[in-house]
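Accompanying notes for the structure given below.
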Amino acid sequence: MEPTTPARLAALRHAMLQHGVDACLIPSADPHLSEYLPAHWQARAWLSGFTGSAGTLVVTADHASLWTDSRYFAQATQQLAGSGIELMKQRVAHAPEHIAWLREHLRPGQSLAVAGDSVALATARQLERQLAEAGAALRTDLDLPGQAWTGRPALPDAPVVEHPLRYAIQARAEKLDRLRTAMRKLGATHHLVSSLDDVAWLTNLRGSDVECNPVFLAHLLVQAEGHATLFVDRGKLNDALVASLAADGVRIADYATVTDALSELGAADRLLLDPARVVVSVAAAIPPEANVIEAANPSTLSKARKSEGELEHIRETMRRDGAALVRAFRRLEERVAAGMRQTELDVDALLREERSAQPDFVGESFATIAGYQANGALPHYRATAESHSTLKAQGLLLVDSGGQYLGGTTDITRVLALGETTAEQRRDATLVMKGMIALSRARFPRGASGPQLDALARAPLWANGMDYGHGTGHGVGYFLNVHEGPQGIRPPVSGTALVPLEPGMITSIEPGLYKPGRHGIRHENLAVVVEADRSEFGEFYAFETLTLCPFDRRALEPGLLNPEERAWLDDYHATVRAALAPLLEDADLAWLERHCAPLG
């Protein structure tokens, strides 16, 4: 029988007592500081019972609190019920409010422990400074959750495969050459890369160690003059792949030996690393005499700026994905109208079936969110066999889904009207649409960042006294993580750097509105930053919408759209029809034409 959450917390507190620790911090992290984690590092979920992707647990001898953002308030309330863990609602996503709480509650001479393989070097420094103000100390030499964790899952062992050059566009050796040029400019002799998407992109390799993210557990150590070493479980690679990597100057070493390699650096070596992307336990192996250069991974920005060759594949992937969605939505609509019993789980199955039939489909890019009526008000809702809703021929269904293809990663949200809707629902959906159109049509100067544009999507809601608690847009990888940095469109957060939007960067545009117990709205497309024009004031950029699937206009109130907004929506649907019609026929084509007809 699995231990209860109180029993798991008791085991953690016992370990804390044994080591003289007064508080334990359990973040959502692994040795690569990933957003989505292999089961082996889901300690926070195991201890608390809260399974959302973002959350931080703090445990003391007599108290436990979990911080998460507004996307997960309802889910956390449900999953933490009866656990003895207090929910702490973050005002801003990813804001480290738990640090202030710890500073207030720890007394001089007390200590906080956090596993060194789950905290970034930069975060640990911030913690140390804050705790020092309270006279408390930070310990990163203990993995107390690991000591308490019974039946901890093993490390994943999925195979690693080549991302074919036809899709990768740029050869592995060329990417490493560009990286070495950047290293030399920074004066580095070595560069440590621990972030999984950077490792996968640089090496043109993909895996499946993390659900829905085609990455694999590895570190990469690159010499400016010499070879690169990929620290990975050798059993994941076949001999042909090892030989191919060797031909490009990439050697293989065991995953666990990255610290051994770092410990061999000397006074003549200058190691480049990103303190926000390398964990304490790995950085601790660097000898004090070695020189460390702290800067962002050069590959992060290179990866974010998609090449024209990559964008060609992405545009074709969007066509195929859009056609799959049309088929799935048409089938769903007909089933509901005919009175067939359909649930939120059936929506997930239909999408998976249609996407799986597309060329080069690999898997889903995240777990499908299909929220009917009130469930749509939970931004990261996930239907389960134990808890889901049956669809009816009325109201709204929010569907947020995506696919991983060899030629790109998709992420799209549509709100479907399954039958009669209320005036409130149509008004809310239209206000969110107005915000989406405003941001999609934006022109902005070179150097502008996402936080400078975020208010464009919120303004129609603000004008009506409403808002939403999540960011408006996130970067998206190329057959990689569906959430990718460094760019993002979100409200400004004090102390965070503004990352300019550059041509080739892909971002989601996804404003929303959530009314608990009633309904949720979110419209989402992916768009790429493109050059727009040049004037006496400099260069200006714009967004090219990539996603191709009609919006359900039955969920809208067209009278609330001004002429420019109506024109944008009609033009978008004309583009969708032209792109998808050649891929569809019969009932699917008729459905497309009906949903892409001008508003009139």
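As shown in the structure tokens, the chain order sets the letters A, B, ...; within each chain, residues go from 1, and ligands are also counted from 1 in the order they appear.
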What are the closest atom pairs, with distances in Å to one decimal, for each residue of region 293-361 of chain A lying within 10 Å of region 468-490 of chain A, using only C-alpha atoms, rows by chain and rising residue number, as a Markdown table?
| residue | atom | partner | partner_atom | distance |
| --- | --- | --- | --- | --- |
| A:Ala296 | CA | A:Pro486 | CA | 9.6 |
| A:Thr300 | CA | A:Pro486 | CA | 6.9 |
| A:Leu301 | CA | A:Pro486 | CA | 6.9 |
| A:Lys303 | CA | A:Gly477 | CA | 7.7 |
| A:Ala304 | CA | A:Gly485 | CA | 7.0 |
| A:Arg305 | CA | A:Gly477 | CA | 9.7 |
| A:Lys306 | CA | A:Tyr478 | CA | 7.8 |
| A:Glu310 | CA | A:Tyr478 | CA | 7.6 |
| A:Leu311 | CA | A:Tyr478 | CA | 9.0 |
| A:His313 | CA | A:Tyr478 | CA | 9.5 |
| A:Ile314 | CA | A:Tyr478 | CA | 7.9 |
Selected residues written out, C-alpha atoms, as a PDB file, in the first residue's frame:
ATOM      1  CA  ALA A 296      23.768  32.617 -21.112  1.00  0.00           C
ATOM      2  CA  THR A 300      19.731  29.122 -26.432  1.00  0.00           C
ATOM      3  CA  LEU A 301      19.382  32.189 -28.644  1.00  0.00           C
ATOM      4  CA  LYS A 303      17.957  27.646 -31.163  1.00  0.00           C
ATOM      5  CA  ALA A 304      15.197  30.204 -30.610  1.00  0.00           C
ATOM      6  CA  ARG A 305      15.829  31.960 -33.945  1.00  0.00           C
ATOM      7  CA  LYS A 306      14.435  29.428 -36.401  1.00  0.00           C
ATOM      8  CA  GLU A 310      13.186  25.094 -40.288  1.00  0.00           C
ATOM      9  CA  LEU A 311      10.286  27.484 -40.862  1.00  0.00           C
ATOM     10  CA  HIS A 313       9.079  22.505 -42.357  1.00  0.00           C
ATOM     11  CA  ILE A 314       7.091  24.192 -39.583  1.00  0.00           C
TER      12      ILE A 314
END
Distance table requested - region 476-569 of chain A against region 574-582 of chain A, cut-off 12 Å, only C-alpha atoms: one row per qualifying residue with the closest atom pair and its distance in Å to one decimal, ordered by chain and rising residue number, as a Markdown table.
| residue | atom | partner | partner_atom | distance |
| --- | --- | --- | --- | --- |
| A:Glu544 | CA | A:Thr575 | CA | 11.7 |
| A:Thr545 | CA | A:Thr575 | CA | 10.0 |
| A:Leu546 | CA | A:Val576 | CA | 9.9 |
| A:Thr547 | CA | A:Val576 | CA | 8.6 |
| A:Leu548 | CA | A:Val576 | CA | 5.2 |
| A:Cys549 | CA | A:Val576 | CA | 6.1 |
| A:Pro550 | CA | A:Val576 | CA | 6.7 |
| A:Phe551 | CA | A:Val576 | CA | 10.1 |
| A:Ala567 | CA | A:Ala574 | CA | 10.4 |
| A:Trp568 | CA | A:Ala574 | CA | 9.8 |
| A:Leu569 | CA | A:Ala574 | CA | 8.6 |
Could you dump the residues just selected with all heavy atoms as a short mmCIF file (atom, residue, chain, number, x, y, z; two decimals), in the first residue's frame?
data_model
loop_
_atom_site.label_atom_id
_atom_site.label_comp_id
_atom_site.auth_asym_id
_atom_site.auth_seq_id
_atom_site.Cartn_x
_atom_site.Cartn_y
_atom_site.Cartn_z
N GLU A 544 3.91 36.73 -38.06
CA GLU A 544 3.25 35.90 -39.07
C GLU A 544 2.60 34.73 -38.36
O GLU A 544 3.28 33.94 -37.70
CB GLU A 544 4.27 35.37 -40.09
CG GLU A 544 3.68 34.36 -41.07
CD GLU A 544 4.75 33.53 -41.78
OE1 GLU A 544 5.88 34.02 -41.95
OE2 GLU A 544 4.45 32.36 -42.14
N THR A 545 1.27 34.62 -38.47
CA THR A 545 0.57 33.52 -37.82
C THR A 545 0.89 32.22 -38.54
O THR A 545 0.77 32.12 -39.76
CB THR A 545 -0.94 33.78 -37.81
OG1 THR A 545 -1.20 34.98 -37.09
CG2 THR A 545 -1.68 32.63 -37.15
N LEU A 546 1.27 31.21 -37.76
CA LEU A 546 1.64 29.90 -38.32
C LEU A 546 0.51 28.89 -38.20
O LEU A 546 0.33 28.06 -39.10
CB LEU A 546 2.89 29.37 -37.60
CG LEU A 546 4.17 30.18 -37.76
CD1 LEU A 546 5.23 29.66 -36.79
CD2 LEU A 546 4.70 30.12 -39.19
N THR A 547 -0.22 28.92 -37.11
CA THR A 547 -1.26 27.93 -36.84
C THR A 547 -2.38 28.06 -37.88
O THR A 547 -2.79 29.17 -38.23
CB THR A 547 -1.83 28.14 -35.43
OG1 THR A 547 -0.75 28.02 -34.49
CG2 THR A 547 -2.89 27.10 -35.11
N LEU A 548 -2.88 26.92 -38.33
CA LEU A 548 -3.90 26.90 -39.39
C LEU A 548 -5.07 26.03 -38.96
O LEU A 548 -5.06 24.81 -39.14
CB LEU A 548 -3.29 26.38 -40.69
CG LEU A 548 -2.18 27.25 -41.30
CD1 LEU A 548 -1.42 26.48 -42.37
CD2 LEU A 548 -2.77 28.54 -41.87
N CYS A 549 -6.09 26.66 -38.39
CA CYS A 549 -7.31 25.96 -38.01
C CYS A 549 -8.37 27.01 -37.71
O CYS A 549 -8.06 28.01 -37.03
CB CYS A 549 -7.07 25.09 -36.77
SG CYS A 549 -8.52 24.11 -36.27
N PRO A 550 -9.58 26.86 -38.22
CA PRO A 550 -10.59 27.89 -37.99
C PRO A 550 -10.98 28.02 -36.53
O PRO A 550 -10.96 27.06 -35.77
CB PRO A 550 -11.78 27.42 -38.84
CG PRO A 550 -11.56 25.97 -39.07
CD PRO A 550 -10.08 25.76 -39.07
N PHE A 551 -11.35 29.26 -36.17
CA PHE A 551 -11.99 29.50 -34.88
C PHE A 551 -13.48 29.21 -35.04
O PHE A 551 -14.05 29.38 -36.12
CB PHE A 551 -11.80 30.96 -34.46
CG PHE A 551 -10.38 31.33 -34.16
CD1 PHE A 551 -9.59 31.93 -35.13
CD2 PHE A 551 -9.82 31.08 -32.92
CE1 PHE A 551 -8.27 32.28 -34.86
CE2 PHE A 551 -8.50 31.42 -32.64
CZ PHE A 551 -7.72 32.02 -33.62
N ALA A 567 -12.05 42.11 -40.41
CA ALA A 567 -11.23 41.88 -41.61
C ALA A 567 -10.09 40.91 -41.30
O ALA A 567 -9.77 40.03 -42.10
CB ALA A 567 -10.68 43.20 -42.13
N TRP A 568 -9.46 41.09 -40.11
CA TRP A 568 -8.37 40.18 -39.75
C TRP A 568 -8.89 38.74 -39.66
O TRP A 568 -8.25 37.82 -40.18
CB TRP A 568 -7.76 40.58 -38.40
CG TRP A 568 -6.57 39.73 -38.02
CD1 TRP A 568 -5.26 39.99 -38.29
CD2 TRP A 568 -6.60 38.46 -37.35
NE1 TRP A 568 -4.47 38.97 -37.81
CE2 TRP A 568 -5.26 38.01 -37.23
CE3 TRP A 568 -7.61 37.66 -36.83
CZ2 TRP A 568 -4.92 36.81 -36.62
CZ3 TRP A 568 -7.27 36.45 -36.23
CH2 TRP A 568 -5.95 36.03 -36.11
N LEU A 569 -10.03 38.54 -39.01
CA LEU A 569 -10.57 37.20 -38.83
C LEU A 569 -10.96 36.60 -40.19
O LEU A 569 -10.68 35.41 -40.44
CB LEU A 569 -11.77 37.24 -37.89
CG LEU A 569 -12.25 35.90 -37.32
CD1 LEU A 569 -11.13 35.17 -36.59
CD2 LEU A 569 -13.44 36.11 -36.39
#
*Excluding Val278 (chain A) and residues on its chain fewer than 3 positions from it, collect all residues at most 10 Å away from it, counting only C-alpha atoms, and give them as a ChimeraX atom specification.*
/A:31-33,117-122,192-195,219,273-275,281-283
Could those selected residues go to a file with all heavy atoms, as a short mmCIF file (atom, residue, chain, number, x, y, z; two decimals), in the first residue's frame?
data_model
loop_
_atom_site.label_atom_id
_atom_site.label_comp_id
_atom_site.auth_asym_id
_atom_site.auth_seq_id
_atom_site.Cartn_x
_atom_site.Cartn_y
_atom_site.Cartn_z
N PRO A 31 18.37 17.71 -12.45
CA PRO A 31 19.74 18.21 -12.66
C PRO A 31 19.91 19.03 -13.93
O PRO A 31 21.01 19.55 -14.18
CB PRO A 31 20.57 16.93 -12.70
CG PRO A 31 19.79 15.94 -11.93
CD PRO A 31 18.37 16.24 -12.26
N HIS A 32 18.84 19.15 -14.74
CA HIS A 32 18.91 19.94 -15.97
C HIS A 32 17.95 21.13 -15.91
O HIS A 32 17.79 21.85 -16.89
CB HIS A 32 18.60 19.04 -17.16
CG HIS A 32 19.43 17.79 -17.15
ND1 HIS A 32 20.70 17.74 -17.64
CD2 HIS A 32 19.17 16.55 -16.64
CE1 HIS A 32 21.20 16.52 -17.46
NE2 HIS A 32 20.29 15.79 -16.84
N LEU A 33 17.31 21.29 -14.75
CA LEU A 33 16.38 22.40 -14.50
C LEU A 33 15.29 22.45 -15.55
O LEU A 33 14.93 23.51 -16.07
CB LEU A 33 17.18 23.72 -14.43
CG LEU A 33 18.24 23.70 -13.31
CD1 LEU A 33 19.22 24.84 -13.47
CD2 LEU A 33 17.57 23.74 -11.94
N ASP A 117 21.10 18.75 -6.60
CA ASP A 117 20.85 18.40 -8.00
C ASP A 117 19.51 18.94 -8.49
O ASP A 117 19.07 18.61 -9.58
CB ASP A 117 20.93 16.88 -8.21
CG ASP A 117 19.80 16.13 -7.51
OD1 ASP A 117 19.03 16.76 -6.74
OD2 ASP A 117 19.68 14.91 -7.74
N SER A 118 18.87 19.80 -7.68
CA SER A 118 17.55 20.33 -8.05
C SER A 118 17.47 21.84 -7.89
O SER A 118 16.38 22.39 -7.87
CB SER A 118 16.46 19.66 -7.19
OG SER A 118 16.43 18.27 -7.41
N VAL A 119 18.61 22.49 -7.78
CA VAL A 119 18.60 23.95 -7.62
C VAL A 119 19.72 24.55 -8.45
O VAL A 119 20.86 24.08 -8.45
CB VAL A 119 18.73 24.34 -6.13
CG1 VAL A 119 20.05 23.85 -5.53
CG2 VAL A 119 18.58 25.84 -5.95
N ALA A 120 19.38 25.60 -9.19
CA ALA A 120 20.35 26.28 -10.03
C ALA A 120 21.38 27.01 -9.19
O ALA A 120 21.10 27.47 -8.07
CB ALA A 120 19.66 27.26 -10.98
N LEU A 121 22.56 27.16 -9.72
CA LEU A 121 23.63 27.88 -9.04
C LEU A 121 23.18 29.30 -8.71
O LEU A 121 23.39 29.79 -7.60
CB LEU A 121 24.87 27.89 -9.94
CG LEU A 121 26.15 28.49 -9.36
CD1 LEU A 121 26.60 27.74 -8.12
CD2 LEU A 121 27.25 28.46 -10.43
N ALA A 122 22.53 29.98 -9.65
CA ALA A 122 22.07 31.35 -9.41
C ALA A 122 21.00 31.40 -8.33
O ALA A 122 21.00 32.31 -7.49
CB ALA A 122 21.53 31.94 -10.72
N LEU A 192 30.07 24.17 -20.59
CA LEU A 192 29.18 23.12 -20.07
C LEU A 192 27.74 23.46 -20.42
O LEU A 192 27.26 24.55 -20.10
CB LEU A 192 29.33 23.01 -18.56
CG LEU A 192 28.36 22.04 -17.87
CD1 LEU A 192 28.61 20.60 -18.32
CD2 LEU A 192 28.45 22.17 -16.35
N VAL A 193 27.06 22.52 -21.06
CA VAL A 193 25.66 22.67 -21.41
C VAL A 193 24.89 21.57 -20.68
O VAL A 193 25.12 20.38 -20.92
CB VAL A 193 25.42 22.56 -22.93
CG1 VAL A 193 23.95 22.81 -23.26
CG2 VAL A 193 26.32 23.51 -23.69
N SER A 194 23.97 21.96 -19.79
CA SER A 194 23.19 20.99 -19.04
C SER A 194 21.72 20.97 -19.43
O SER A 194 21.02 20.00 -19.15
CB SER A 194 23.30 21.25 -17.53
OG SER A 194 24.56 20.86 -17.03
N SER A 195 21.21 22.06 -20.02
CA SER A 195 19.79 22.13 -20.40
C SER A 195 19.53 21.16 -21.55
O SER A 195 20.22 21.17 -22.57
CB SER A 195 19.41 23.55 -20.78
OG SER A 195 20.40 24.16 -21.58
N HIS A 219 24.54 15.69 -20.36
CA HIS A 219 25.28 16.94 -20.28
C HIS A 219 26.23 16.97 -21.47
O HIS A 219 26.60 15.91 -22.01
CB HIS A 219 26.10 17.03 -18.99
CG HIS A 219 25.30 16.97 -17.73
ND1 HIS A 219 24.72 18.06 -17.15
CD2 HIS A 219 25.00 15.91 -16.93
CE1 HIS A 219 24.09 17.70 -16.04
NE2 HIS A 219 24.24 16.40 -15.88
N LEU A 273 29.63 28.81 -18.42
CA LEU A 273 28.39 28.16 -18.00
C LEU A 273 27.35 29.22 -17.69
O LEU A 273 27.67 30.38 -17.40
CB LEU A 273 28.61 27.22 -16.80
CG LEU A 273 29.13 27.78 -15.47
CD1 LEU A 273 28.03 28.49 -14.67
CD2 LEU A 273 29.71 26.64 -14.63
N ASP A 274 26.10 28.81 -17.75
CA ASP A 274 24.99 29.67 -17.41
C ASP A 274 24.55 29.31 -15.99
O ASP A 274 24.04 28.21 -15.76
CB ASP A 274 23.83 29.46 -18.39
CG ASP A 274 22.66 30.41 -18.14
OD1 ASP A 274 22.59 31.01 -17.05
OD2 ASP A 274 21.81 30.54 -19.04
N PRO A 275 24.75 30.19 -15.01
CA PRO A 275 24.42 29.84 -13.62
C PRO A 275 22.94 29.59 -13.40
O PRO A 275 22.58 29.00 -12.38
CB PRO A 275 24.91 31.06 -12.83
CG PRO A 275 24.91 32.18 -13.83
CD PRO A 275 25.26 31.56 -15.15
N SER A 281 25.07 20.90 -7.58
CA SER A 281 25.84 19.67 -7.41
C SER A 281 26.81 19.43 -8.56
O SER A 281 27.86 18.81 -8.37
CB SER A 281 24.90 18.47 -7.27
OG SER A 281 24.11 18.31 -8.43
N VAL A 282 26.48 19.90 -9.74
CA VAL A 282 27.41 19.78 -10.87
C VAL A 282 28.48 20.86 -10.79
O VAL A 282 29.67 20.59 -10.95
CB VAL A 282 26.63 19.87 -12.21
CG1 VAL A 282 27.59 19.97 -13.39
CG2 VAL A 282 25.73 18.65 -12.37
N ALA A 283 28.09 22.10 -10.53
CA ALA A 283 29.05 23.19 -10.45
C ALA A 283 30.04 23.00 -9.31
O ALA A 283 31.18 23.48 -9.38
CB ALA A 283 28.31 24.52 -10.28
#
*Would you return as a ChimeraX atom specification the members of region 275-465 of chain A that DSSP assigns to helix (DSSP H, G or I) on this structure's backbone?*
/A:280-283,298-304,308-337,344-356,373-377,423-440,450-462
*If you count only C-alpha atoms, which residues fall within 12 Å of region 265-267 of chain A, apart from same-chain ones fewer than 4 positions away, as a PyMOL selection string?*
chain A and resi 189-192+221+223+258-261+271+283+285-292
*State, in Å with one decimal place, the distance from CA of His40 (chain A) to CA of Leu155 (chain A).*
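We find that CA of His40 (chain A) and CA of Leu155 (chain A) lie 5.8 Å from each other.
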Write out, as JSON lines, each residue of region 162-226 of chain A that has an atom at most 10 Å from region 406-420 of chain A, together with the closest pair of atoms and their distance in Å to one decimal, counting only C-alpha atoms, rows going by chain and rising number.
{"residue": "A:His163", "atom": "CA", "partner": "A:Leu406", "partner_atom": "CA", "distance": 7.5}
{"residue": "A:Pro164", "atom": "CA", "partner": "A:Leu406", "partner_atom": "CA", "distance": 8.2}
{"residue": "A:Arg166", "atom": "CA", "partner": "A:Gly407", "partner_atom": "CA", "distance": 9.1}
{"residue": "A:Tyr167", "atom": "CA", "partner": "A:Gly407", "partner_atom": "CA", "distance": 5.8}
{"residue": "A:Ala168", "atom": "CA", "partner": "A:Gly407", "partner_atom": "CA", "distance": 8.2}
{"residue": "A:Arg206", "atom": "CA", "partner": "A:Leu406", "partner_atom": "CA", "distance": 9.9}
{"residue": "A:Asn213", "atom": "CA", "partner": "A:Thr409", "partner_atom": "CA", "distance": 9.8}
_When you count only C-alpha atoms, which of these residues is closest to Thr51 (chain A): A:Gly517, A:Asp143, A:Ala171, A:His380?_
A:His380
*Distance criterion (only C-alpha atoms): nearest to Ala113 (chain A) out of A:Gln373, A:Glu502, A:Trp67, A:Leu17*: A:Leu17
*Got a sec: who's within 9 Å of His98 (chain A), counting only C-alpha atoms, leaving out chain neighbours fewer than 2 positions off, as a list in words?*
Thr56, Leu57, Val58, Ser65, Leu66, Trp67, Met88, Ala95, Pro96, Ala100, Trp101, Leu102 and Arg103 of chain A
*asked:* Which residue is closest to Glu308 (chain A)? Choose from A:Val530, A:Ala357, A:Val21, A:Ala337 and count only C-alpha atoms.
replied: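 Of the candidates, the smallest distance to Glu308 (chain A) is held by A:Val530.
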*Taking the backbone alone, and naming residues the way the document does, which bits of region 191-414 of chain A are strand (DSSP E) by DSSP, as a PyMOL selection string?*
chain A and resi 191-193+205-206+219-223+228-231+250-253+270-273+291-294+361-364+369-372+396-401+403-405+408-409+412-414
*Contacts of Ala323 (chain A) at 9 Å (only C-alpha atoms; same-chain gap of 4+ positions) as a list in words*: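 Listing them by chain and then by number gives Met318, Arg319, Arg327, Ala328, Glu354, Arg355, Gln358, Leu548, Cys549, Leu580, Ala581, Leu583, Leu584 and Asp588 of chain A.
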Take the residues from that selection and put them in a file with all heavy atoms, as an mmCIF file, in the first residue's frame.
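Once everything was written out, this is selection-v4.cif:
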data_model
loop_
_atom_site.group_PDB
_atom_site.id
_atom_site.type_symbol
_atom_site.label_atom_id
_atom_site.label_comp_id
_atom_site.auth_asym_id
_atom_site.auth_seq_id
_atom_site.Cartn_x
_atom_site.Cartn_y
_atom_site.Cartn_z
ATOM 1 N N MET A 318 2.278 22.689 -39.780
ATOM 2 C CA MET A 318 1.045 23.364 -39.367
ATOM 3 C C MET A 318 -0.118 22.992 -40.288
ATOM 4 O O MET A 318 -1.265 22.854 -39.825
ATOM 5 C CB MET A 318 1.247 24.884 -39.358
ATOM 6 C CG MET A 318 2.210 25.378 -38.300
ATOM 7 S SD MET A 318 1.583 25.109 -36.613
ATOM 8 C CE MET A 318 2.975 25.699 -35.650
ATOM 9 N N ARG A 319 0.145 22.834 -41.581
ATOM 10 C CA ARG A 319 -0.905 22.410 -42.507
ATOM 11 C C ARG A 319 -1.419 21.019 -42.126
ATOM 12 O O ARG A 319 -2.617 20.781 -42.040
ATOM 13 C CB ARG A 319 -0.395 22.394 -43.943
ATOM 14 C CG ARG A 319 -0.135 23.753 -44.560
ATOM 15 C CD ARG A 319 0.334 23.599 -46.005
ATOM 16 N NE ARG A 319 -0.737 23.113 -46.866
ATOM 17 C CZ ARG A 319 -0.670 22.019 -47.633
ATOM 18 N NH1 ARG A 319 0.397 21.253 -47.633
ATOM 19 N NH2 ARG A 319 -1.684 21.669 -48.392
ATOM 20 N N ARG A 327 -10.479 17.321 -39.105
ATOM 21 C CA ARG A 327 -11.128 16.007 -39.125
ATOM 22 C C ARG A 327 -11.648 15.625 -37.736
ATOM 23 O O ARG A 327 -12.758 15.101 -37.590
ATOM 24 C CB ARG A 327 -10.139 14.954 -39.632
ATOM 25 C CG ARG A 327 -9.705 15.151 -41.089
ATOM 26 C CD ARG A 327 -8.854 13.970 -41.563
ATOM 27 N NE ARG A 327 -8.373 14.173 -42.924
ATOM 28 C CZ ARG A 327 -7.146 14.607 -43.228
ATOM 29 N NH1 ARG A 327 -6.276 14.863 -42.252
ATOM 30 N NH2 ARG A 327 -6.788 14.774 -44.481
ATOM 31 N N ALA A 328 -10.832 15.877 -36.727
ATOM 32 C CA ALA A 328 -11.239 15.511 -35.368
ATOM 33 C C ALA A 328 -12.422 16.349 -34.897
ATOM 34 O O ALA A 328 -13.393 15.817 -34.328
ATOM 35 C CB ALA A 328 -10.058 15.681 -34.411
ATOM 36 N N GLU A 354 -6.297 11.271 -35.152
ATOM 37 C CA GLU A 354 -6.120 12.025 -36.388
ATOM 38 C C GLU A 354 -4.683 12.515 -36.557
ATOM 39 O O GLU A 354 -4.143 12.485 -37.669
ATOM 40 C CB GLU A 354 -7.088 13.201 -36.438
ATOM 41 C CG GLU A 354 -8.554 12.788 -36.548
ATOM 42 C CD GLU A 354 -8.882 12.100 -37.872
ATOM 43 O OE1 GLU A 354 -8.037 12.098 -38.788
ATOM 44 O OE2 GLU A 354 -9.988 11.544 -37.989
ATOM 45 N N ARG A 355 -4.060 12.944 -35.483
ATOM 46 C CA ARG A 355 -2.662 13.375 -35.602
ATOM 47 C C ARG A 355 -1.749 12.199 -35.942
ATOM 48 O O ARG A 355 -0.797 12.333 -36.725
ATOM 49 C CB ARG A 355 -2.191 14.038 -34.298
ATOM 50 C CG ARG A 355 -2.653 15.478 -34.128
ATOM 51 C CD ARG A 355 -1.898 16.161 -33.008
ATOM 52 N NE ARG A 355 -2.122 17.613 -33.006
ATOM 53 C CZ ARG A 355 -2.839 18.265 -32.109
ATOM 54 N NH1 ARG A 355 -3.421 17.595 -31.106
ATOM 55 N NH2 ARG A 355 -2.993 19.577 -32.184
ATOM 56 N N GLN A 358 -0.922 11.497 -39.512
ATOM 57 C CA GLN A 358 -0.176 12.473 -40.304
ATOM 58 C C GLN A 358 1.276 12.040 -40.504
ATOM 59 O O GLN A 358 1.857 11.385 -39.638
ATOM 60 C CB GLN A 358 -0.214 13.841 -39.610
ATOM 61 C CG GLN A 358 -1.601 14.425 -39.451
ATOM 62 C CD GLN A 358 -2.316 14.541 -40.778
ATOM 63 O OE1 GLN A 358 -1.815 15.155 -41.718
ATOM 64 N NE2 GLN A 358 -3.487 13.930 -40.867
ATOM 65 N N LEU A 548 -2.880 26.920 -38.331
ATOM 66 C CA LEU A 548 -3.895 26.902 -39.389
ATOM 67 C C LEU A 548 -5.075 26.032 -38.962
ATOM 68 O O LEU A 548 -5.063 24.811 -39.140
ATOM 69 C CB LEU A 548 -3.287 26.378 -40.693
ATOM 70 C CG LEU A 548 -2.181 27.248 -41.303
ATOM 71 C CD1 LEU A 548 -1.419 26.483 -42.371
ATOM 72 C CD2 LEU A 548 -2.768 28.538 -41.869
ATOM 73 N N CYS A 549 -6.088 26.660 -38.387
ATOM 74 C CA CYS A 549 -7.311 25.961 -38.006
ATOM 75 C C CYS A 549 -8.368 27.013 -37.707
ATOM 76 O O CYS A 549 -8.065 28.005 -37.033
ATOM 77 C CB CYS A 549 -7.074 25.086 -36.769
ATOM 78 S SG CYS A 549 -8.518 24.110 -36.266
ATOM 79 N N LEU A 580 -5.589 24.436 -46.139
ATOM 80 C CA LEU A 580 -6.052 23.111 -45.718
ATOM 81 C C LEU A 580 -6.940 22.411 -46.733
ATOM 82 O O LEU A 580 -7.026 21.180 -46.736
ATOM 83 C CB LEU A 580 -6.798 23.219 -44.381
ATOM 84 C CG LEU A 580 -6.032 23.796 -43.188
ATOM 85 C CD1 LEU A 580 -6.847 23.621 -41.912
ATOM 86 C CD2 LEU A 580 -4.660 23.184 -43.049
ATOM 87 N N ALA A 581 -7.628 23.168 -47.585
ATOM 88 C CA ALA A 581 -8.578 22.553 -48.522
ATOM 89 C C ALA A 581 -7.948 21.450 -49.368
ATOM 90 O O ALA A 581 -8.574 20.394 -49.568
ATOM 91 C CB ALA A 581 -9.210 23.621 -49.405
ATOM 92 N N LEU A 583 -5.901 19.285 -48.589
ATOM 93 C CA LEU A 583 -5.654 18.098 -47.767
ATOM 94 C C LEU A 583 -6.945 17.420 -47.315
ATOM 95 O O LEU A 583 -6.884 16.370 -46.669
ATOM 96 C CB LEU A 583 -4.838 18.480 -46.532
ATOM 97 C CG LEU A 583 -3.473 19.145 -46.777
ATOM 98 C CD1 LEU A 583 -2.821 19.518 -45.456
ATOM 99 C CD2 LEU A 583 -2.558 18.225 -47.585
ATOM 100 N N LEU A 584 -8.095 18.016 -47.639
ATOM 101 C CA LEU A 584 -9.372 17.524 -47.126
ATOM 102 C C LEU A 584 -10.327 17.223 -48.267
ATOM 103 O O LEU A 584 -10.168 17.715 -49.385
ATOM 104 C CB LEU A 584 -9.994 18.575 -46.191
ATOM 105 C CG LEU A 584 -9.156 18.977 -44.973
ATOM 106 C CD1 LEU A 584 -9.737 20.213 -44.326
ATOM 107 C CD2 LEU A 584 -9.067 17.829 -43.971
ATOM 108 N N ASP A 588 -15.223 16.578 -44.488
ATOM 109 C CA ASP A 588 -14.214 17.406 -43.832
ATOM 110 C C ASP A 588 -14.025 18.723 -44.578
ATOM 111 O O ASP A 588 -13.891 19.784 -43.964
ATOM 112 C CB ASP A 588 -12.883 16.653 -43.750
ATOM 113 C CG ASP A 588 -12.973 15.412 -42.884
ATOM 114 O OD1 ASP A 588 -13.636 15.461 -41.833
ATOM 115 O OD2 ASP A 588 -12.392 14.376 -43.278
#
*Pairwise distance for CA of Pro6 (chain A) and CA of Asp22 (chain A), rounded to one decimal in Å*: 17.8 Å
*Any idea what the distance is between CA of Phe216 (chain A) and CA of Leu241 (chain A)?*
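Going from CA of Phe216 (chain A) over to CA of Leu241 (chain A), I get 14.6 Å.
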